[in-house]
file protein.cif (mmCIF, C-alpha atoms)
data_work
#
loop_
_atom_site.label_atom_id
_atom_site.label_comp_id
_atom_site.auth_asym_id
_atom_site.auth_seq_id
_atom_site.Cartn_x
_atom_site.Cartn_y
_atom_site.Cartn_z
CA MET Q 227 70.57 165.18 137.19
CA ILE Q 228 71.40 161.46 137.25
CA GLU Q 229 68.81 160.59 134.62
CA ARG Q 230 69.90 163.50 132.47
CA TYR Q 231 73.46 162.18 132.59
CA LEU Q 232 72.28 158.72 131.57
CA ARG Q 233 70.14 159.97 128.70
CA GLU Q 234 72.94 162.18 127.38
CA ARG Q 235 75.62 159.48 127.38
CA PHE Q 236 73.88 156.09 127.34
CA LEU Q 237 71.05 154.28 125.60
CA PRO Q 238 68.20 152.44 127.33
CA ALA Q 239 68.06 148.73 126.57
CA ASP Q 240 65.40 148.88 123.83
CA ALA Q 241 67.17 151.69 121.96
CA PHE Q 242 70.57 150.00 122.31
CA ALA Q 243 69.17 146.72 121.00
CA GLN Q 244 67.66 148.56 118.05
CA VAL Q 245 71.01 150.17 117.21
CA CYS Q 246 72.55 146.69 117.37
CA GLY Q 247 69.92 145.45 114.92
CA ILE Q 248 68.34 142.95 117.31
CA GLY Q 249 65.44 142.78 119.73
CA GLU Q 250 65.75 143.49 123.44
CA ALA Q 251 65.04 139.84 124.25
CA GLU Q 252 67.96 138.69 122.09
CA LEU Q 253 70.21 141.29 123.70
CA SER Q 254 69.23 139.95 127.13
CA GLN Q 255 69.99 136.40 126.03
CA LEU Q 256 73.46 137.35 124.81
CA VAL Q 257 74.17 139.08 128.10
CA GLU Q 258 72.87 136.25 130.27
CA ARG Q 259 74.89 133.70 128.31
CA GLY Q 260 78.08 135.65 128.97
CA LEU Q 261 78.50 136.58 125.31
CA ALA Q 262 78.06 140.36 125.57
CA PRO Q 263 78.66 142.89 128.37
CA ARG Q 264 75.90 143.78 130.78
CA ALA Q 265 74.53 147.29 130.94
CA ALA Q 266 76.80 149.88 132.53
CA TYR Q 267 73.94 150.88 134.83
CA GLU Q 268 70.62 149.45 135.93
CA THR Q 269 67.92 151.65 137.47
CA ASP Q 270 64.70 150.60 139.20
CA GLY Q 271 62.90 153.86 139.95
CA ASP Q 272 64.65 154.49 143.25
CA THR Q 273 68.26 153.39 142.84
CA ILE Q 274 71.08 153.19 140.31
CA ARG Q 275 73.28 150.11 140.31
CA SER Q 276 76.60 149.32 138.67
CA PHE Q 277 79.19 146.61 139.12
CA VAL Q 278 81.78 149.23 140.05
CA PHE Q 279 79.88 151.31 142.60
CA GLY Q 280 77.11 149.00 143.76
CA THR Q 281 73.62 150.34 144.51
CA LEU Q 282 73.19 154.05 145.17
CA PRO Q 283 70.05 156.14 145.80
CA ALA Q 284 68.43 157.79 142.76
CA PRO Q 285 64.85 158.70 143.73
CA GLY Q 286 62.44 159.14 140.84
CA ILE Q 287 64.75 157.78 138.15
CA SER Q 288 63.26 155.77 135.28
CA ALA Q 289 63.61 152.00 135.51
CA ASP Q 290 65.83 150.63 132.73
CA ARG Q 291 69.18 149.20 131.72
CA TRP Q 292 71.67 151.69 130.27
CA PHE Q 293 74.30 150.76 127.68
CA ASN Q 294 77.22 152.75 126.34
CA PRO Q 295 76.27 153.52 122.70
CA HIS Q 296 79.84 152.76 121.61
CA SER Q 297 79.52 149.14 122.75
CA THR Q 298 77.63 147.77 119.75
CA HIS Q 299 80.78 146.08 118.44
CA TRP Q 300 80.72 143.58 121.30
CA VAL Q 301 77.16 142.53 120.48
CA ALA Q 302 78.02 142.08 116.79
CA ARG Q 303 81.06 140.02 117.73
CA ALA Q 304 78.94 137.84 120.03
CA GLN Q 305 76.40 137.23 117.27
CA ARG Q 306 79.11 136.19 114.81
CA GLU Q 307 80.72 133.77 117.24
CA LEU Q 308 77.38 132.24 118.15
CA VAL Q 309 76.58 131.65 114.50
CA GLY Q 310 80.10 130.38 113.86
CA HIS Q 311 79.70 127.83 116.65
CA GLU Q 312 76.25 126.74 115.45
CA GLY Q 313 74.43 128.14 118.46
CA ASP Q 314 76.76 126.58 121.06
CA ALA Q 315 76.89 129.42 123.60
CA GLU Q 316 79.59 127.80 125.73
CA ALA Q 317 81.95 127.34 122.79
CA ALA Q 318 81.19 130.85 121.55
CA ALA Q 319 81.92 132.30 124.99
CA ILE Q 320 85.29 130.55 125.13
CA ALA Q 321 86.18 131.85 121.67
CA LEU Q 322 85.12 135.39 122.60
CA GLN Q 323 87.21 135.30 125.76
CA MET Q 324 90.28 134.04 123.89
CA ARG Q 325 89.92 136.69 121.19
CA PHE Q 326 89.43 139.43 123.77
CA ARG Q 327 92.51 138.25 125.67
CA ASP Q 328 94.70 138.19 122.56
CA ASN Q 329 93.57 141.63 121.41
CA TYR Q 330 93.85 143.12 124.90
CA LEU Q 331 97.34 141.67 125.33
CA GLN Q 332 98.48 143.08 121.99
CA ALA Q 333 97.07 146.50 122.89
CA LEU Q 334 98.96 146.39 126.19
CA ARG Q 335 102.20 145.47 124.42
CA ASP Q 336 101.70 148.34 121.97
CA THR Q 337 101.02 150.77 124.80
CA HIS Q 338 104.07 149.55 126.70
CA GLU Q 339 106.21 149.98 123.62
CA ALA Q 340 104.90 153.47 122.86
CA GLY Q 341 104.56 154.91 126.34
CA GLY Q 342 106.82 152.90 128.62
CA PRO Q 343 106.09 150.45 131.43
CA ILE Q 344 102.53 150.15 132.70
CA PRO Q 345 102.38 149.89 136.50
CA GLY Q 346 101.73 146.32 137.59
CA LEU Q 347 102.58 144.90 134.17
CA HIS Q 348 106.37 145.05 133.96
CA ASP Q 349 109.24 143.16 135.52
CA ALA Q 350 112.21 144.52 137.44
CA THR Q 351 113.99 145.40 134.21
CA GLY Q 352 111.04 147.32 132.80
CA HIS Q 353 110.04 144.70 130.24
CA PHE Q 354 106.39 143.82 129.70
CA ASP Q 355 105.37 140.97 132.03
CA GLU Q 356 102.88 138.65 130.34
CA ALA Q 357 102.65 136.47 133.46
CA ALA Q 358 101.43 139.48 135.43
CA PHE Q 359 98.82 140.07 132.74
CA ASP Q 360 97.70 136.44 132.90
CA ALA Q 361 97.20 136.82 136.65
CA GLN Q 362 95.09 139.94 136.11
CA PHE Q 363 93.11 138.76 133.12
CA PRO Q 364 90.30 136.89 134.93
CA ASP Q 365 89.42 140.11 136.74
CA ILE Q 366 89.67 142.11 133.49
CA TRP Q 367 87.27 139.69 131.77
CA ARG Q 368 84.90 139.74 134.73
CA HIS Q 369 84.75 143.55 134.61
CA PHE Q 370 84.24 143.45 130.85
CA LEU Q 371 81.21 141.17 131.06
CA ALA Q 372 79.85 143.11 134.05
CA GLY Q 373 79.69 146.35 132.04
CA THR Q 374 82.50 148.18 133.83
CA TYR Q 375 84.19 149.43 130.68
CA GLY Q 376 80.92 150.72 129.30
CA LEU Q 377 80.64 152.82 132.43
CA CYS Q 378 84.17 154.20 132.69
CA VAL Q 379 85.61 154.20 129.14
CA ALA Q 380 84.31 156.99 126.94
CA HIS Q 381 84.51 155.06 123.68
CA PRO Q 382 84.84 151.32 124.34
CA PHE Q 383 84.84 150.43 120.64
CA ASP Q 384 87.44 147.71 121.06
CA GLU Q 385 90.20 146.38 123.31
CA ALA Q 386 92.66 149.09 122.27
CA HIS Q 387 90.36 151.88 123.44
CA ILE Q 388 89.81 150.14 126.76
CA VAL Q 389 93.53 149.57 127.24
CA ALA Q 390 94.33 153.20 126.41
CA LYS Q 391 92.09 154.41 129.23
CA GLU Q 392 93.18 151.74 131.70
CA ALA Q 393 96.88 152.38 131.02
CA ALA Q 394 96.48 156.15 131.40
CA GLN Q 395 94.69 155.64 134.70
CA ALA Q 396 97.28 153.15 135.94
CA ARG Q 397 100.14 155.54 135.16
CA LEU Q 398 98.32 158.49 136.69
CA THR Q 399 97.43 156.48 139.79
CA HIS Q 400 101.04 155.40 140.19
CA LEU Q 401 102.55 158.85 139.67
CA THR Q 402 100.12 160.54 142.09
CA SER Q 403 100.00 157.73 144.68
CA ASN Q 404 96.33 157.28 143.84
CA GLY Q 405 95.64 160.97 144.17
CA THR Q 406 97.23 161.42 147.60
CA ARG Q 407 100.64 162.78 146.61
CA ARG Q 408 101.26 166.52 146.94
CA ASP Q 409 105.02 167.04 146.46
CA PHE Q 410 105.92 167.31 142.76
CA ASP Q 411 108.81 168.99 141.02
CA ASP Q 412 108.18 170.90 137.79
CA GLY Q 413 108.88 167.92 135.55
CA GLN Q 414 106.56 165.68 137.53
CA LYS Q 415 103.84 168.32 137.48
CA ALA Q 416 104.06 168.46 133.71
CA ALA Q 417 103.91 164.67 133.46
CA VAL Q 418 100.83 164.55 135.70
CA ARG Q 419 99.08 167.28 133.71
CA GLU Q 420 99.78 165.40 130.48
CA LEU Q 421 98.33 162.20 131.91
CA ILE Q 422 95.32 164.06 133.27
CA ALA Q 423 94.62 165.55 129.86
CA ARG Q 424 94.81 162.09 128.28
CA TYR Q 425 92.69 160.49 130.97
CA GLU Q 426 90.00 163.17 130.65
CA VAL Q 427 89.58 162.38 126.95
CA LEU Q 428 89.53 158.61 127.43
CA SER Q 429 87.30 158.29 130.50
CA MET Q 430 83.66 159.00 131.19
CA PRO Q 431 82.70 161.94 133.45
CA PHE Q 432 80.80 159.59 135.83
CA SER Q 433 77.26 160.25 137.00
CA PRO Q 434 76.41 162.59 139.90
CA ALA Q 435 75.55 159.50 141.95
CA GLU Q 436 79.11 158.19 142.10
CA TYR Q 437 81.26 161.15 141.09
CA ALA Q 438 82.46 161.82 144.64
CA ARG Q 439 83.90 158.27 144.73
CA SER Q 440 85.21 158.23 141.17
CA SER Q 441 88.74 158.14 139.83
CA ARG Q 442 87.96 161.31 137.86
CA LYS Q 443 87.41 163.31 141.05
CA ARG Q 444 90.39 161.76 142.82
CA LEU Q 445 92.86 161.93 139.95
CA VAL Q 446 91.68 165.06 138.14
CA GLU Q 447 89.65 167.51 140.21
CA ASP Q 448 91.48 166.90 143.49
CA MET Q 449 94.89 166.65 141.83
CA LEU Q 450 94.95 169.58 139.40
CA PRO Q 451 95.44 172.30 142.05
CA HIS Q 452 98.66 170.55 143.15
CA VAL Q 453 100.21 170.28 139.69
CA THR Q 454 99.06 173.60 138.21
CA ASP Q 455 101.11 176.66 139.06
CA PRO Q 456 99.14 179.83 139.87
CA PRO Q 457 99.18 182.51 137.15
CA ASN Q 458 101.75 185.26 137.41
CA PRO Q 459 100.38 188.42 139.08
#
call {"tool": "encode", "arguments": {"input": "protein.cif", "output": "structure tokens"}}
result
Amino acid sequence: MIERYLRERFLPADAFAQVCGIGEAELSQLVERGLAPRAAYETDGDTIRSFVFGTLPAPGISADRWFNPHSTHWVARAQRELVGHEGDAEAAAIALQMRFRDNYLQALRDTHEAGGPIPGLHDATGHFDEAAFDAQFPDIWRHFLAGTYGLCVAHPFDEAHIVAKEAAQARLTHLTSNGTRRDFDDGQKAAVRELIARYEVLSMPFSPAEYARSSRKRLVEDMLPHVTDPPNP
């Protein structure tokens, strides 16, 4: 079941490289130089590994690296920056990080403006807090390069798609006390259901290996019974 999930929603390294228009060796170089995200998953025949969930048993699975097929944009961007900096990988990496930060920050501001404060990213008056973002950004960038967003974001085309999922999860986590809250009034139930619906569209289903530990189980499956009223008899 784990391999079926991977084959339905991800591409093995050679196929992903082909879609990107490069060879697998060049893809590996971009990843190792910190210019493109790592695979969401790596498998070795017995285990499945990700930055988010670590190493989990997966007996009999094919050995490969598995990339989100909607992540080709990051490889193309890495190629352009490398060419633009005449092959200087360090300079290209700095430029990529700065561009990612600027785009991510703008997406957060837009989300804040459209949907209200994002937990952990607003001040006491409810205004967007760029200093809080700056404190969080190193971890955001680390997860980006480690392949986290390829694993958990359904369509990580760009920073805006990543932010949309992360903001929905942050709001849902806050409103449900990370899936532990059980006392909701009718208005709160409706708000939780709306966030769940949005989160379900924006996030990946997660593989059978880690589903029991995933945010989808905690914030959707375990939460829905507490915010959905039973049908009238």
call {"tool": "residues_around", "arguments": {"input": "protein.cif", "residues": "region 415-427 of chain Q", "least_positions_apart": "4", "cutoff": "9 Å", "atoms": "all atoms listed in the file", "output": "count of residues only"}}
result
22
call {"tool": "residues_around", "arguments": {"input": "protein.cif", "residues": "Ala372 (chain Q)", "least_positions_apart": "2", "cutoff": "7 Å", "atoms": "all atoms listed in the file", "output": "number ranges by chain"}}
result
Q: 263-264, 277, 368-370, 374
call {"tool": "resolve_selection", "arguments": {"input": "protein.cif", "expression": "the PyMOL selection byres ((chain Q and resi 440) around 12)", "output": "mmCIF file with C-alpha atoms, in the coordinates of the input"}}
result
data_model
loop_
_atom_site.group_PDB
_atom_site.id
_atom_site.type_symbol
_atom_site.label_atom_id
_atom_site.label_comp_id
_atom_site.auth_asym_id
_atom_site.auth_seq_id
_atom_site.Cartn_x
_atom_site.Cartn_y
_atom_site.Cartn_z
ATOM 1 C CA VAL Q 278 81.780 149.230 140.050
ATOM 2 C CA PHE Q 279 79.880 151.310 142.600
ATOM 3 C CA LEU Q 377 80.640 152.820 132.430
ATOM 4 C CA CYS Q 378 84.170 154.200 132.690
ATOM 5 C CA GLN Q 395 94.690 155.640 134.700
ATOM 6 C CA ASN Q 404 96.330 157.280 143.840
ATOM 7 C CA GLY Q 405 95.640 160.970 144.170
ATOM 8 C CA SER Q 429 87.300 158.290 130.500
ATOM 9 C CA MET Q 430 83.660 159.000 131.190
ATOM 10 C CA PRO Q 431 82.700 161.940 133.450
ATOM 11 C CA PHE Q 432 80.800 159.590 135.830
ATOM 12 C CA SER Q 433 77.260 160.250 137.000
ATOM 13 C CA PRO Q 434 76.410 162.590 139.900
ATOM 14 C CA ALA Q 435 75.550 159.500 141.950
ATOM 15 C CA GLU Q 436 79.110 158.190 142.100
ATOM 16 C CA TYR Q 437 81.260 161.150 141.090
ATOM 17 C CA ALA Q 438 82.460 161.820 144.640
ATOM 18 C CA ARG Q 439 83.900 158.270 144.730
ATOM 19 C CA SER Q 441 88.740 158.140 139.830
ATOM 20 C CA ARG Q 442 87.960 161.310 137.860
ATOM 21 C CA LYS Q 443 87.410 163.310 141.050
ATOM 22 C CA ARG Q 444 90.390 161.760 142.820
ATOM 23 C CA LEU Q 445 92.860 161.930 139.950
ATOM 24 C CA VAL Q 446 91.680 165.060 138.140
ATOM 25 C CA GLU Q 447 89.650 167.510 140.210
ATOM 26 C CA ASP Q 448 91.480 166.900 143.490
#
call {"tool": "residues_around", "arguments": {"input": "protein.cif", "residues": "Arg327 (chain Q)", "least_positions_apart": "2", "cutoff": "10 Å", "atoms": "all atoms listed in the file", "output": "PDB file with C-alpha atoms, in the frame of the given file"}}
result
ATOM      1  CA  ALA Q 321      86.180 131.850 121.670  1.00  0.00           C
ATOM      2  CA  LEU Q 322      85.120 135.390 122.600  1.00  0.00           C
ATOM      3  CA  GLN Q 323      87.210 135.300 125.760  1.00  0.00           C
ATOM      4  CA  MET Q 324      90.280 134.040 123.890  1.00  0.00           C
ATOM      5  CA  ARG Q 325      89.920 136.690 121.190  1.00  0.00           C
ATOM      6  CA  ASN Q 329      93.570 141.630 121.410  1.00  0.00           C
ATOM      7  CA  TYR Q 330      93.850 143.120 124.900  1.00  0.00           C
ATOM      8  CA  LEU Q 331      97.340 141.670 125.330  1.00  0.00           C
ATOM      9  CA  GLN Q 332      98.480 143.080 121.990  1.00  0.00           C
ATOM     10  CA  ALA Q 333      97.070 146.500 122.890  1.00  0.00           C
ATOM     11  CA  PHE Q 359      98.820 140.070 132.740  1.00  0.00           C
ATOM     12  CA  ASP Q 360      97.700 136.440 132.900  1.00  0.00           C
ATOM     13  CA  PHE Q 363      93.110 138.760 133.120  1.00  0.00           C
ATOM     14  CA  PRO Q 364      90.300 136.890 134.930  1.00  0.00           C
ATOM     15  CA  ILE Q 366      89.670 142.110 133.490  1.00  0.00           C
ATOM     16  CA  TRP Q 367      87.270 139.690 131.770  1.00  0.00           C
ATOM     17  CA  GLU Q 385      90.200 146.380 123.310  1.00  0.00           C
TER      18      GLU Q 385
END
call {"tool": "closest_residue", "arguments": {"input": "protein.cif", "among": "Q:Ala266, Q:Leu261, Q:Leu347, Q:Ala361", "to": "Ala317 (chain Q)", "atoms": "all atoms listed in the file"}}
result
Q:Leu261
call {"tool": "residues_around", "arguments": {"input": "protein.cif", "residues": "Ala302 (chain Q)", "least_positions_apart": "5", "cutoff": "10 Å", "atoms": "only C-alpha atoms", "output": "number ranges by chain"}}
result
Q: 246-248, 262, 297, 307-308
call {"tool": "atom_distance", "arguments": {"input": "protein.cif", "atom1": "CA of Leu237 (chain Q)", "atom2": "CA of Asp290 (chain Q)"}}
result
9.6 Å
call {"tool": "atom_distance", "arguments": {"input": "protein.cif", "atom1": "CA of His296 (chain Q)", "atom2": "CA of His381 (chain Q)"}}
result
5.6 Å
call {"tool": "resolve_selection", "arguments": {"input": "protein.cif", "expression": "the PyMOL selection byres ((chain Q and resi 273) around 10)", "output": "list in words"}}
result
Glu268, Thr269, Asp270, Gly271, Asp272, Ile274, Arg275, Gly280, Thr281, Leu282, Pro283, Ala284, Pro285, Gly286, Ile287, Ser288, Ala289 and Ala435 of chain Q
call {"tool": "atom_distance", "arguments": {"input": "protein.cif", "atom1": "CA of Pro238 (chain Q)", "atom2": "CA of Ala265 (chain Q)"}}
result
8.9 Å
call {"tool": "closest_residue", "arguments": {"input": "protein.cif", "among": "Q:Leu428, Q:Val301, Q:Val309, Q:Ala358", "to": "Gln244 (chain Q)", "atoms": "only C-alpha atoms"}}
result
Q:Val301
call {"tool": "build_atoms", "arguments": {"input": "protein.cif", "residues": "region 248-279 of chain Q", "atoms": "N, CA and C atoms", "output": "CSV table (one decimal), keeping the file's coordinate frame"}}
result
chain,number,residue,atom,x,y,z
Q,248,ILE,N,69.0,144.1,116.7
Q,248,ILE,CA,68.3,143.0,117.3
Q,248,ILE,C,67.2,143.4,118.2
Q,249,GLY,N,66.5,142.5,118.8
Q,249,GLY,CA,65.4,142.8,119.7
Q,249,GLY,C,66.0,142.8,121.1
Q,250,GLU,N,65.3,143.4,122.1
Q,250,GLU,CA,65.8,143.5,123.4
Q,250,GLU,C,65.9,142.1,124.1
Q,251,ALA,N,65.0,141.2,123.7
Q,251,ALA,CA,65.0,139.8,124.2
Q,251,ALA,C,66.3,139.1,123.8
Q,252,GLU,N,66.7,139.3,122.6
Q,252,GLU,CA,68.0,138.7,122.1
Q,252,GLU,C,69.2,139.3,122.8
Q,253,LEU,N,69.1,140.6,123.0
Q,253,LEU,CA,70.2,141.3,123.7
Q,253,LEU,C,70.3,140.7,125.1
Q,254,SER,N,69.2,140.5,125.8
Q,254,SER,CA,69.2,140.0,127.1
Q,254,SER,C,69.8,138.5,127.1
Q,255,GLN,N,69.5,137.8,126.1
Q,255,GLN,CA,70.0,136.4,126.0
Q,255,GLN,C,71.5,136.4,125.9
Q,256,LEU,N,72.0,137.3,125.0
Q,256,LEU,CA,73.5,137.4,124.8
Q,256,LEU,C,74.2,137.7,126.1
Q,257,VAL,N,73.6,138.7,126.8
Q,257,VAL,CA,74.2,139.1,128.1
Q,257,VAL,C,74.1,137.9,129.1
Q,258,GLU,N,73.0,137.3,129.3
Q,258,GLU,CA,72.9,136.2,130.3
Q,258,GLU,C,73.7,135.0,130.0
Q,259,ARG,N,74.0,134.8,128.7
Q,259,ARG,CA,74.9,133.7,128.3
Q,259,ARG,C,76.4,134.0,128.4
Q,260,GLY,N,76.7,135.3,128.8
Q,260,GLY,CA,78.1,135.6,129.0
Q,260,GLY,C,78.8,135.9,127.6
Q,261,LEU,N,78.0,136.3,126.6
Q,261,LEU,CA,78.5,136.6,125.3
Q,261,LEU,C,78.7,138.1,125.0
Q,262,ALA,N,78.0,138.9,125.8
Q,262,ALA,CA,78.1,140.4,125.6
Q,262,ALA,C,78.0,141.0,126.9
Q,263,PRO,N,78.6,142.2,127.1
Q,263,PRO,CA,78.7,142.9,128.4
Q,263,PRO,C,77.3,143.3,128.9
Q,264,ARG,N,77.1,143.3,130.2
Q,264,ARG,CA,75.9,143.8,130.8
Q,264,ARG,C,75.8,145.3,130.6
Q,265,ALA,N,74.7,145.8,131.0
Q,265,ALA,CA,74.5,147.3,130.9
Q,265,ALA,C,75.5,147.9,131.9
Q,266,ALA,N,75.9,149.1,131.6
Q,266,ALA,CA,76.8,149.9,132.5
Q,266,ALA,C,76.1,150.2,133.8
Q,267,TYR,N,74.8,150.5,133.7
Q,267,TYR,CA,73.9,150.9,134.8
Q,267,TYR,C,72.6,150.2,134.7
Q,268,GLU,N,72.0,149.9,135.9
Q,268,GLU,CA,70.6,149.4,135.9
Q,268,GLU,C,69.9,150.3,136.9
Q,269,THR,N,68.7,150.8,136.6
Q,269,THR,CA,67.9,151.6,137.5
Q,269,THR,C,66.6,151.0,137.7
Q,270,ASP,N,66.0,151.2,138.9
Q,270,ASP,CA,64.7,150.6,139.2
Q,270,ASP,C,63.6,151.6,139.7
Q,271,GLY,N,63.9,152.9,139.5
Q,271,GLY,CA,62.9,153.9,140.0
Q,271,GLY,C,63.3,154.6,141.2
Q,272,ASP,N,64.2,153.9,142.0
Q,272,ASP,CA,64.6,154.5,143.2
Q,272,ASP,C,66.2,154.5,143.4
Q,273,THR,N,66.8,153.5,142.7
Q,273,THR,CA,68.3,153.4,142.8
Q,273,THR,C,68.9,153.2,141.5
Q,274,ILE,N,70.2,153.4,141.5
Q,274,ILE,CA,71.1,153.2,140.3
Q,274,ILE,C,72.1,152.2,140.7
Q,275,ARG,N,72.3,151.2,139.9
Q,275,ARG,CA,73.3,150.1,140.3
Q,275,ARG,C,74.3,149.9,139.2
Q,276,SER,N,75.5,149.7,139.6
Q,276,SER,CA,76.6,149.3,138.7
Q,276,SER,C,77.5,148.3,139.4
Q,277,PHE,N,78.3,147.6,138.6
Q,277,PHE,CA,79.2,146.6,139.1
Q,277,PHE,C,80.3,147.3,139.9
Q,278,VAL,N,80.7,148.5,139.4
Q,278,VAL,CA,81.8,149.2,140.0
Q,278,VAL,C,81.4,149.8,141.4
Q,279,PHE,N,80.2,150.5,141.4
Q,279,PHE,CA,79.9,151.3,142.6
Q,279,PHE,C,78.8,150.7,143.4
